[in-house]
Structure formats: structure tokens, C-alpha cells
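Notes for the one structure printed next.
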Amino acid sequence: MFHLITGLDGALAIRSCDGDLLFAQSPGGTPWLWVDRDLPEFERQDKLAQLIEFLDDPSLKGICSEPRTAELFAELYSAGYDSGLKFCMDMEAYACPRVHVPTGVNGTIRPSRMEDREAVAVFLAGFSEDGYGITVEPESQMAEAGKMIRSGGLYVLEVDGVPQSMARIAHRAPRHGRINAVFTPRGERGKGYAGAVVSALCSMLLGEGLVPMLYADLANPSSNRLYQKIGFVKSGKSGISVLDESHRRTEELTAAGKQRYTDGGDVSERGMETPWQALCNGCLMR
């Protein structure tokens, strides 16, 4: 995700000078945050408090990071802004070093075409309801369906000419290929369709010398079992903390934030003394 975000126009990329923290945010998107897992808790809290003060952004809608870091960031952010933790999702990152292709699954796997747009829109509406509990009409997903098809990374499994499942290669990084948008309608589940299409994409990526990876919601045990069955192994947890929509700056900063201002002055006045590097697009991972 850091490779993807930092390659976007207008992305914000920040790295601590000691390399213990990385932060990346697409324009208007939920930022991703990485902190060295070996960092002592008090240093982790101190760095996050400094980062929040450096960002000076009351409009953040959330954060995606290792679960404890996401929780701590939300706590510190809420202490400085009139906001609170609204929702938290735990995800498992999976990598597939070797794929186990299921056998005996009916259907044909192929790249999606524009004539699949209505079916893909139905899939996206189902994905929204199953994954996020949000009901939308398929018609509202037609534009996104067309965009995904035009991207060239979306594949469907069709039976008797009708798409019954889908999955997408969303992004290729230097070492990994990320898969997402895995969906099979409820009436067609249990037939091996999702496993077949995901394993096919894994085989493609492995053939390119990339390790397939994906994120799975830990609240969905069936999908987690599916991924493990075809060769994915657990590779680390991530947490998504979504903050309240209304963020208003309070008069009281966090204690750590106060100390930063007392010791070093406003971030804008510190110049090269700041512990952060604001980087240009694509530079974060160099």
C-alpha cells in the first residue's frame, strides 16, 4: 500500500529521520501508518503524538496500521481533536508463496469485459452489503464497475456464459501483487468459485515473480479459511480505526504534544530540526 499511495499525484508521504515510522496518505484517503514493532511503547506513543502535531490536520477520517498502533493513534488524535473512535476493523495480511489450485470446479476464468458491467455492479453492491453492512443499488455501482473493468486487472469466473464470481489484481509492487474485490453471490457460494479465481490470479502473479498478497477481514472466518486452503499464510495484522466525522480542534493539546511545543516551538519554525521528512511522490520506499 505504501508503494501504491506514494506513487499517486498529491500523496502525502512522511518518514521519520530514524526510519522508525512511515506515513502515507492519498488525497482525501485514509492514511496508512507503519511503526517499527520493536519500538518501546513510550517511544511509540511519543512518535505518534509528534506526528499528529506535525500533521496538524483536523480532518482525518481514520488510520490503518498494526492494530495496537491504530488504536493508540486514534486515542491520541481524539485527545487533541473533538472526535472519537467510531469503528475498528481488524484485518489479516496474507501472502501466498505457493498456490494450491483447487480441482473439479466448474466454469471458465477470463478477464472481465465491458459486457460484464451489470454483473460486476451487482457483485459490488453485494460486496458493500456483506463487507461493510451498507446497502446500495447495483445501478449506483455501474461507473465503478466500468472503471474496474477498464483497469485490466479484474477477472471473472463464468458458468454457462454467466459471471458467477470475481477477483482483481489491484496493484503490483516490486515484490508483491495485491488481490482484492473477491466476491461470489450468496446463492453461488460453496461451489469453489472464489478459490478457483483467486488461485488463478495467484498463479499469474507467481509466474511474474511476484508474491500474491491480500487483506482479509478477521470477522469473516469463511474467507480466511478459503485463503489458507489455497496456500495463503498469515503475515501480520492490520487495524482500521475510523474516527468521528466532526473534528474540531480543542484548546488542550495532548501532554506529549504540549511538550513538543514547549521544547521546540511550532513545527513550522523548527526547519531542519523536525524529526520528519516530507517526501516527494515515490520517495518514501527508497
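All residue names refer to the C-alpha cells as shown: chains lettered A, B, ... in order, residues numbered from 1 in each chain, ligands numbered from 1 in order.
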| message | From a backbone DSSP assignment, name each residue in segment 58-133 of chain A labelled helix (DSSP H, G or I), as JSON, numbers by chain. | response | {"A": [67, 68, 69, 70, 71, 72, 73, 74, 75, 76, 77, 78, 79, 80, 114, 115, 116, 117, 118, 119, 120, 121, 122, 123, 124, 125, 126, 127, 128, 129, 130, 131, 132]}
| task | For Trp32 of chain A, please output as a list in words all residues within 6 Å (counting only C-alpha atoms; exclusion window: fewer than 4 positions along the same chain). | result |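 Everything that qualifies: Phe23, Ala24, Cys64 and Ser65 of chain A.
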Residues just named, written with N, CA, C and O atoms as a PDB file, in the first residue's frame:
```pdb
ATOM      1  N   PHE A  23       4.493   7.095   7.037  1.00  0.00           N
ATOM      2  CA  PHE A  23       3.102   7.555   6.947  1.00  0.00           C
ATOM      3  C   PHE A  23       2.842   7.909   5.494  1.00  0.00           C
ATOM      4  O   PHE A  23       3.632   8.615   4.861  1.00  0.00           O
ATOM      5  N   ALA A  24       1.731   7.412   4.944  1.00  0.00           N
ATOM      6  CA  ALA A  24       1.389   7.732   3.555  1.00  0.00           C
ATOM      7  C   ALA A  24      -0.111   7.905   3.433  1.00  0.00           C
ATOM      8  O   ALA A  24      -0.888   7.105   3.967  1.00  0.00           O
ATOM      9  N   CYS A  64      -4.973   3.389   9.195  1.00  0.00           N
ATOM     10  CA  CYS A  64      -4.805   1.953   9.011  1.00  0.00           C
ATOM     11  C   CYS A  64      -3.376   1.600   9.396  1.00  0.00           C
ATOM     12  O   CYS A  64      -2.422   2.156   8.849  1.00  0.00           O
ATOM     13  N   SER A  65      -3.232   0.706  10.359  1.00  0.00           N
ATOM     14  CA  SER A  65      -1.925   0.343  10.867  1.00  0.00           C
ATOM     15  C   SER A  65      -2.029  -0.973  11.616  1.00  0.00           C
ATOM     16  O   SER A  65      -3.095  -1.611  11.647  1.00  0.00           O
TER      17      SER A  65
END
```
| Quick one: DSSP strand (DSSP E or B) residues in segment 43-107 of chain A, as a PyMOL selection string? | chain A and resi 62-65+81+85-95
| Nearby residues (only C-alpha atoms) at most 10 Å from Lys191 of chain A, same-chain spacing under 6 positions excluded, as a list of chain:residue names |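 Once the nearby chain positions are removed, what remains is A:Gly104, A:Val105, A:Asn106, A:Thr184.
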| request: Within 6 Å of Arg178 of chain A, counting only C-alpha atoms, which residues show up once you throw out same-chain ones fewer than 4 positions away? Write them as a PyMOL selection string, please. | output: chain A and resi 169-171+212-214
| Straight-line distance linking atom CA of Glu208 of chain A with atom CA of Ser235 of chain A, stated in Å to one decimal | 20.8 Å
| field | Option closest in space to Glu118 of chain A, from A:Ala95, A:Val162, A:Val101, A:Ala145 [counting only C-alpha atoms] | value |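 Result for the nearest residue to Glu118 of chain A: A:Ala145.
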